[in-house]
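coords-v3.csv follows; it contains CSV, C-alpha atoms.
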chain,number,residue,atom,x,y,z
W,1,MET,CA,-32.2,-94.2,30.8
W,2,SER,CA,-33.9,-97.5,30.1
W,3,THR,CA,-31.6,-99.2,32.7
W,4,THR,CA,-32.8,-96.6,35.3
W,5,VAL,CA,-36.4,-97.3,34.6
W,6,GLU,CA,-35.9,-101.0,34.8
W,7,LEU,CA,-34.2,-100.6,38.2
W,8,ALA,CA,-37.0,-98.4,39.4
W,9,GLU,CA,-39.6,-101.0,38.3
W,10,VAL,CA,-37.6,-103.7,40.1
W,11,GLU,CA,-37.4,-101.8,43.4
W,12,GLY,CA,-40.2,-102.7,45.8
W,13,THR,CA,-40.9,-106.0,44.0
W,14,PRO,CA,-40.7,-109.1,46.3
W,15,VAL,CA,-37.7,-111.3,45.6
W,16,ARG,CA,-39.9,-114.4,44.8
W,17,ASP,CA,-41.6,-112.3,42.0
W,18,LEU,CA,-38.2,-111.7,40.4
W,19,ALA,CA,-37.6,-115.4,40.0
W,20,PRO,CA,-38.5,-117.2,36.7
W,21,PRO,CA,-42.0,-118.7,36.6
W,22,ALA,CA,-40.6,-122.2,36.8
W,23,VAL,CA,-38.9,-121.4,40.1
W,24,ARG,CA,-41.7,-119.1,41.4
W,25,GLU,CA,-44.6,-121.6,41.2
W,26,PRO,CA,-43.1,-124.4,43.4
W,27,ALA,CA,-42.3,-121.8,46.1
W,28,ARG,CA,-45.9,-120.6,46.2
W,29,ALA,CA,-47.1,-124.2,46.2
W,30,ALA,CA,-44.8,-124.9,49.2
W,31,VAL,CA,-46.3,-121.9,51.0
W,32,ARG,CA,-49.9,-123.0,50.3
W,33,ALA,CA,-49.3,-126.6,51.4
W,34,PRO,CA,-49.0,-126.0,55.2
W,35,ALA,CA,-52.2,-123.9,55.1
W,36,ALA,CA,-54.1,-126.6,53.3
W,37,ALA,CA,-52.8,-129.2,55.8
W,38,VAL,CA,-53.9,-127.0,58.7
W,39,ALA,CA,-57.4,-126.5,57.1
W,40,LEU,CA,-57.7,-130.2,56.5
W,41,LYS,CA,-56.7,-131.0,60.1
W,42,VAL,CA,-59.3,-128.5,61.4
W,43,LEU,CA,-62.0,-130.0,59.2
W,44,ARG,CA,-61.2,-133.5,60.5
W,45,GLY,CA,-61.3,-132.3,64.1
W,46,LEU,CA,-64.7,-130.6,63.6
W,47,ARG,CA,-66.0,-133.8,61.9
W,48,ALA,CA,-64.8,-135.9,64.9
W,49,VAL,CA,-66.5,-133.5,67.4
W,50,ALA,CA,-69.7,-133.6,65.3
W,51,LEU,CA,-69.7,-137.4,65.3
W,52,ARG,CA,-69.1,-137.7,69.0
W,53,SER,CA,-71.7,-135.1,69.9
W,54,ALA,CA,-74.4,-136.3,67.5
W,55,ALA,CA,-76.0,-138.8,69.8
W,56,ILE,CA,-76.0,-136.3,72.7
W,57,VAL,CA,-77.6,-133.6,70.5
W,58,ALA,CA,-80.2,-136.1,69.3
W,59,LEU,CA,-81.0,-137.1,72.9
W,60,LEU,CA,-81.4,-133.5,74.0
W,61,ALA,CA,-83.6,-132.7,71.0
W,62,LEU,CA,-85.8,-135.7,71.8
W,63,TRP,CA,-86.0,-134.7,75.4
W,64,GLU,CA,-87.1,-131.2,74.4
W,65,THR,CA,-89.7,-132.2,71.8
W,66,ALA,CA,-91.3,-135.3,73.3
W,67,PRO,CA,-92.9,-133.5,76.3
W,68,ARG,CA,-94.0,-130.6,74.1
W,69,LEU,CA,-95.6,-132.9,71.5
W,70,GLY,CA,-97.4,-134.8,74.2
W,71,LEU,CA,-95.5,-138.0,73.6
W,72,VAL,CA,-94.8,-138.2,77.4
W,73,ASP,CA,-96.3,-136.5,80.4
W,74,ALA,CA,-94.5,-133.1,80.8
W,75,THR,CA,-95.3,-133.3,84.5
W,76,PHE,CA,-93.0,-136.2,85.1
W,77,LEU,CA,-90.5,-135.5,82.2
W,78,PRO,CA,-90.3,-131.7,81.7
W,79,PRO,CA,-88.5,-130.4,78.6
W,80,VAL,CA,-84.7,-130.0,78.9
W,81,SER,CA,-85.1,-126.3,78.7
W,82,GLU,CA,-87.1,-126.2,81.9
W,83,VAL,CA,-84.5,-128.5,83.5
W,84,ALA,CA,-81.8,-126.0,82.4
W,85,VAL,CA,-83.7,-123.1,84.0
W,86,ALA,CA,-84.1,-125.0,87.2
W,87,TRP,CA,-80.3,-125.9,87.2
W,88,TRP,CA,-79.4,-122.3,86.7
W,89,GLU,CA,-81.7,-121.3,89.6
W,90,LEU,CA,-80.1,-123.8,91.9
W,91,LEU,CA,-76.7,-122.6,90.9
W,92,GLY,CA,-77.7,-119.0,91.5
W,93,ASN,CA,-79.1,-119.5,95.0
W,94,GLY,CA,-76.1,-121.6,96.1
W,95,GLN,CA,-78.0,-124.8,96.7
W,96,LEU,CA,-76.3,-126.7,93.8
W,97,ALA,CA,-72.8,-125.7,95.0
W,98,GLU,CA,-73.6,-126.7,98.5
W,99,HIS,CA,-74.9,-130.1,97.7
W,100,THR,CA,-72.2,-130.8,95.0
W,101,GLN,CA,-69.5,-129.9,97.5
W,102,ALA,CA,-70.9,-132.3,100.1
W,103,SER,CA,-71.1,-135.1,97.6
W,104,LEU,CA,-67.7,-134.5,96.2
W,105,ILE,CA,-66.0,-134.5,99.6
W,106,ARG,CA,-67.6,-137.8,100.5
W,107,SER,CA,-67.1,-139.5,97.1
W,108,PHE,CA,-63.5,-138.4,96.5
W,109,GLY,CA,-62.5,-139.0,100.1
W,110,GLY,CA,-63.8,-142.6,100.0
W,111,PHE,CA,-62.4,-143.1,96.5
W,112,GLY,CA,-58.9,-141.9,97.5
W,113,ILE,CA,-58.9,-144.2,100.6
W,114,ALA,CA,-59.9,-147.1,98.4
W,115,VAL,CA,-57.1,-146.5,95.9
W,116,ALA,CA,-54.5,-146.1,98.7
W,117,VAL,CA,-55.6,-149.4,100.3
W,118,ALA,CA,-56.6,-151.6,97.3
W,119,VAL,CA,-53.6,-151.0,95.0
W,120,PRO,CA,-50.8,-152.1,97.5
W,121,LEU,CA,-53.0,-154.9,98.8
W,122,GLY,CA,-53.7,-156.1,95.2
W,123,LEU,CA,-50.0,-156.1,94.4
W,124,LEU,CA,-49.2,-158.1,97.5
W,125,ILE,CA,-51.9,-160.7,96.9
W,126,GLY,CA,-51.1,-161.0,93.2
W,127,TRP,CA,-47.4,-161.4,93.8
W,128,TYR,CA,-47.2,-163.6,96.9
W,129,ARG,CA,-49.0,-166.9,96.4
W,130,PRO,CA,-49.4,-167.8,100.2
W,131,VAL,CA,-51.2,-164.4,100.8
W,132,ALA,CA,-53.6,-165.2,97.9
W,133,VAL,CA,-54.3,-168.6,99.3
W,134,LEU,CA,-54.9,-167.2,102.8
W,135,LEU,CA,-57.1,-164.3,101.8
W,136,GLY,CA,-58.8,-165.8,98.7
W,137,PRO,CA,-61.9,-167.3,100.4
W,138,LEU,CA,-62.5,-164.1,102.4
W,139,LEU,CA,-62.3,-162.0,99.3
W,140,GLU,CA,-64.8,-164.3,97.5
W,141,VAL,CA,-67.3,-163.9,100.3
W,142,PHE,CA,-67.2,-160.1,100.4
W,143,ARG,CA,-66.8,-159.4,96.7
W,144,ASN,CA,-70.2,-161.0,96.1
W,145,THR,CA,-71.9,-158.9,98.8
W,146,ALA,CA,-73.4,-155.7,97.3
W,147,ALA,CA,-72.4,-152.5,99.0
W,148,LEU,CA,-75.9,-151.2,99.3
W,149,ALA,CA,-77.0,-154.4,101.0
W,150,LEU,CA,-74.5,-153.6,103.8
W,151,LEU,CA,-75.6,-149.9,104.1
W,152,PRO,CA,-77.9,-150.6,107.1
W,153,VAL,CA,-75.0,-152.4,108.8
W,154,PHE,CA,-72.7,-149.4,108.2
W,155,VAL,CA,-75.4,-147.1,109.6
W,156,LEU,CA,-75.9,-149.2,112.7
W,157,LEU,CA,-72.2,-149.5,113.4
W,158,LEU,CA,-71.1,-146.0,112.4
W,159,GLY,CA,-74.2,-143.9,112.7
W,160,ILE,CA,-75.8,-141.7,110.0
W,161,GLY,CA,-73.0,-139.2,109.9
W,162,GLU,CA,-70.2,-138.7,107.4
W,163,THR,CA,-68.3,-141.8,108.6
W,164,SER,CA,-70.8,-144.3,107.4
W,165,LYS,CA,-71.2,-142.6,104.0
W,166,VAL,CA,-67.4,-142.5,103.4
W,167,SER,CA,-67.1,-146.1,104.6
W,168,ILE,CA,-69.7,-147.4,102.2
W,169,VAL,CA,-67.9,-145.7,99.3
W,170,VAL,CA,-64.6,-147.2,100.4
W,171,TYR,CA,-66.1,-150.6,100.6
W,172,ALA,CA,-67.7,-150.3,97.1
W,173,CYS,CA,-64.6,-148.9,95.5
W,174,VAL,CA,-62.1,-151.4,96.9
W,175,TRP,CA,-63.3,-154.4,95.0
W,176,PRO,CA,-62.9,-153.3,91.3
W,177,ILE,CA,-59.5,-151.8,92.1
W,178,LEU,CA,-58.3,-154.8,94.1
W,179,LEU,CA,-59.5,-157.5,91.7
W,180,ASN,CA,-58.1,-155.7,88.6
W,181,THR,CA,-54.7,-155.2,90.4
W,182,ILE,CA,-54.5,-158.8,91.4
W,183,SER,CA,-55.3,-159.9,87.8
W,184,ALA,CA,-52.8,-157.4,86.4
W,185,VAL,CA,-49.9,-158.7,88.5
W,186,GLY,CA,-50.9,-162.3,87.8
W,187,ASN,CA,-50.9,-161.7,84.0
W,188,ALA,CA,-47.6,-159.9,83.9
W,189,ASP,CA,-45.4,-161.2,81.0
W,190,PRO,CA,-43.4,-164.1,82.5
W,191,THR,CA,-40.6,-163.5,80.0
W,192,LEU,CA,-40.0,-160.0,81.2
W,193,VAL,CA,-40.1,-161.2,84.8
W,194,LYS,CA,-37.6,-163.9,84.1
W,195,LEU,CA,-35.3,-161.5,82.3
W,196,ALA,CA,-35.5,-159.1,85.2
W,197,ARG,CA,-34.7,-161.8,87.6
W,198,SER,CA,-31.7,-162.9,85.5
W,199,MET,CA,-30.3,-159.4,85.9
W,200,ASP,CA,-30.4,-159.8,89.7
W,201,LEU,CA,-33.0,-157.1,90.2
W,202,SER,CA,-34.3,-156.8,93.8
W,203,THR,CA,-38.1,-157.2,94.4
W,204,PRO,CA,-38.7,-153.5,94.8
W,205,ARG,CA,-36.8,-152.7,91.6
W,206,LEU,CA,-38.7,-155.6,89.8
W,207,PHE,CA,-42.0,-154.0,90.8
W,208,GLN,CA,-40.8,-150.5,89.8
W,209,LYS,CA,-39.4,-151.5,86.4
W,210,VAL,CA,-41.6,-154.4,85.2
W,211,ILE,CA,-44.7,-155.2,87.3
W,212,LEU,CA,-46.1,-151.7,87.8
W,213,PRO,CA,-45.6,-150.4,84.2
W,214,ALA,CA,-47.2,-153.6,82.8
W,215,SER,CA,-50.1,-153.4,85.3
W,216,VAL,CA,-51.0,-149.8,84.8
W,217,PRO,CA,-53.7,-150.3,82.1
W,218,ALA,CA,-55.6,-153.0,84.1
W,219,ILE,CA,-55.2,-151.1,87.4
W,220,PHE,CA,-56.7,-148.0,85.8
W,221,THR,CA,-59.5,-150.0,84.4
W,222,GLY,CA,-60.4,-150.9,88.0
W,223,ILE,CA,-59.9,-147.3,89.2
W,224,ARG,CA,-62.2,-146.0,86.5
W,225,LEU,CA,-64.9,-148.5,87.5
W,226,ALA,CA,-64.4,-147.5,91.1
W,227,GLY,CA,-64.8,-143.8,90.2
W,228,ALA,CA,-68.2,-144.5,88.7
W,229,VAL,CA,-69.2,-146.7,91.6
W,230,SER,CA,-68.1,-144.1,94.2
W,231,ILE,CA,-70.6,-141.6,92.9
W,232,LEU,CA,-73.5,-144.0,92.4
W,233,VAL,CA,-73.2,-145.7,95.8
W,234,LEU,CA,-72.9,-142.3,97.5
W,235,VAL,CA,-76.0,-140.9,95.9
W,236,ALA,CA,-77.9,-144.0,97.0
W,237,ALA,CA,-76.6,-143.6,100.6
W,238,GLU,CA,-77.5,-139.9,100.6
W,239,MET,CA,-81.0,-140.7,99.6
W,240,ILE,CA,-81.4,-142.8,102.7
W,241,GLY,CA,-79.9,-140.6,105.4
W,242,ALA,CA,-78.4,-137.2,104.7
W,243,LYS,CA,-79.1,-133.5,105.0
W,244,ALA,CA,-76.9,-132.4,102.1
W,245,GLY,CA,-75.6,-133.9,98.9
W,246,LEU,CA,-76.9,-134.5,95.4
W,247,GLY,CA,-78.6,-137.6,96.5
W,248,TYR,CA,-80.4,-135.7,99.2
W,249,LEU,CA,-81.3,-132.9,96.6
W,250,ILE,CA,-82.8,-135.5,94.2
W,251,ASN,CA,-84.8,-137.2,96.9
W,252,ALA,CA,-86.1,-134.0,98.5
W,253,SER,CA,-87.1,-132.6,95.1
W,254,GLN,CA,-89.1,-135.8,94.4
W,255,PHE,CA,-90.9,-135.5,97.7
W,256,ASN,CA,-91.6,-131.8,97.1
W,257,PHE,CA,-92.7,-132.6,93.5
W,258,ALA,CA,-90.0,-130.2,92.2
W,259,ILE,CA,-89.4,-132.4,89.1
W,260,PRO,CA,-87.2,-130.0,87.1
W,261,GLN,CA,-84.9,-129.6,90.2
W,262,MET,CA,-84.8,-133.4,90.5
W,263,TYR,CA,-83.6,-133.8,86.9
W,264,ALA,CA,-81.1,-130.9,87.4
W,265,GLY,CA,-79.5,-133.0,90.2
W,266,ILE,CA,-79.4,-136.1,88.0
W,267,VAL,CA,-77.7,-134.1,85.2
W,268,THR,CA,-75.2,-132.7,87.6
W,269,ILE,CA,-74.3,-136.2,88.8
W,270,SER,CA,-73.8,-137.4,85.2
W,271,ALA,CA,-71.6,-134.4,84.4
W,272,ILE,CA,-69.4,-135.1,87.4
W,273,GLY,CA,-69.1,-138.7,86.5
W,274,LEU,CA,-68.1,-137.9,82.9
W,275,ALA,CA,-65.5,-135.3,84.0
W,276,PHE,CA,-64.1,-137.6,86.6
W,277,ASN,CA,-63.7,-140.4,84.1
W,278,GLN,CA,-62.0,-138.1,81.6
W,279,ILE,CA,-59.5,-137.0,84.3
W,280,LEU,CA,-58.7,-140.6,85.1
W,281,VAL,CA,-58.3,-141.4,81.3
W,282,THR,CA,-55.8,-138.5,81.0
W,283,ILE,CA,-53.8,-139.6,84.0
W,284,GLU,CA,-53.7,-143.2,82.6
W,285,ARG,CA,-52.4,-141.9,79.3
W,286,ARG,CA,-49.7,-139.9,81.0
W,287,LEU,CA,-48.6,-143.0,82.9
W,288,SER,CA,-48.7,-145.2,79.8
W,289,LEU,CA,-46.5,-143.0,77.5
W,290,TRP,CA,-44.0,-145.8,77.3
W,291,ARG,CA,-46.5,-148.2,75.5
W,292,VAL,CA,-46.3,-148.6,71.8
W,293,PRO,CA,-49.6,-147.5,70.2
W,294,SER,CA,-51.6,-150.4,68.8

Same coordinates, now as structure tokens:
Amino acid sequence: MSTTVELAEVEGTPVRDLAPPAVREPARAAVRAPAAAVALKVLRGLRAVALRSAAIVALLALWETAPRLGLVDATFLPPVSEVAVAWWELLGNGQLAEHTQASLIRSFGGFGIAVAVAVPLGLLIGWYRPVAVLLGPLLEVFRNTAALALLPVFVLLLGIGETSKVSIVVYACVWPILLNTISAVGNADPTLVKLARSMDLSTPRLFQKVILPASVPAIFTGIRLAGAVSILVLVAAEMIGAKAGLGYLINASQFNFAIPQMYAGIVTISAIGLAFNQILVTIERRLSLWRVPS
């Protein structure tokens, strides 16, 4: 009878609870360990996000409180809440989407052309010494000429349409990409180059296996600089002569004294630049997976 009762009490009891206490406690500790590790990882992630966003939150708080406390004139610097309302109104009536689309097409179009032209040309100049000697003086002349200084020239030659705006973006974006590409090829590890040559690699294979992988970080530094330049130069060009675009929106809002809408356009440009830079950083990391983390 006692044996039957003991079996009945054992039935339905988890196996881990039937084990001796000395065996049972390590098993429970092993179960709790992953949960504690996950919780610690989540806390670290939240802490990192809080640290990264602290400056932004402080800036937004200062922007909101300074006009309301009379520290600055609210007419010329409205609180961020009013800017957010104006941004939402522009989004609702379709104006923000229209102007953003026009700017993105011009900016990304010019940026893409600049990348397609500057990277191969930079590889060519950086690798072949005679080409560098031939084009060096010409590059020095144009690299020190500001893009916006040539904007009237582009307008006179190409008109005030889309061609002149895309062309000025191409001109402004070419230089950071080109110069960084030339520098990257020139600074390639000579030991790796000699080793590749000793293996009788052809020039295309040498570029594919040695030069391009080693040049990716420097090239993408130039590409990221060009991404920021493409937006800034385009906005300036749109302020001078355009009927659509974020630069036109900012300029028109200023003339009409619609200050919240003006700041809404500025915030939109900043958000686009931040997102574009993050996309380029992600692409760079994907192309640099072979590198050993420092």

W:Ile250, W:Ile259, W:Leu40, W:Val185 ranked by distance to Phe207 of chain W, top pick (using all atoms listed in the file):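 Among the listed residues, the smallest separation from Phe207 of chain W belongs to W:Val185.
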
Could you state the separation of atom CA of Glu98 of chain W and atom CA of Ala147 of chain W in Å, given to one decimal place?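 Computed distance, atom CA of Glu98 of chain W to atom CA of Ala147 of chain W, equals 25.8 Å.
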
From atom CA of Phe76 of chain W to atom CA of Gln101 of chain W the spacing works out at 27.3 Å

Point (-65.1, -145.2, 105.5), cut-off 12 Å, counting all atoms listed in the file, residues as number ranges by chain: W: 106-114, 117, 151, 154-155, 157-159, 161-174, 230, 234

Work out how far atom CA of Leu201 of chain W is from atom CA of Leu179 of chain W, in Å to one decimal.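 Rounded to one decimal, the two atoms are 26.5 Å apart.
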
Compile the contact shell of Gln254 of chain W as a PyMOL selection string: residues with an atom at most 12 Å away, counting only C-alpha atoms, same-chain residues fewer than 5 positions apart removed. chain W and resi 75-76+239+247-249+259-266

From the list W:Leu96, W:Leu148, W:Val210, W:Ala228, which residue is nearest Leu192 of chain W when using all atoms listed in the file? W:Val210

Rank nothing, just name the residue among W:Ala258, W:Ala242, W:Leu212, W:Val281 nearest to Val83 of chain W, using only C-alpha atoms.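 Checking each of W:Ala258, W:Ala242, W:Leu212, W:Val281 against Val83 of chain W, counting only C-alpha atoms, the winner is W:Ala258.
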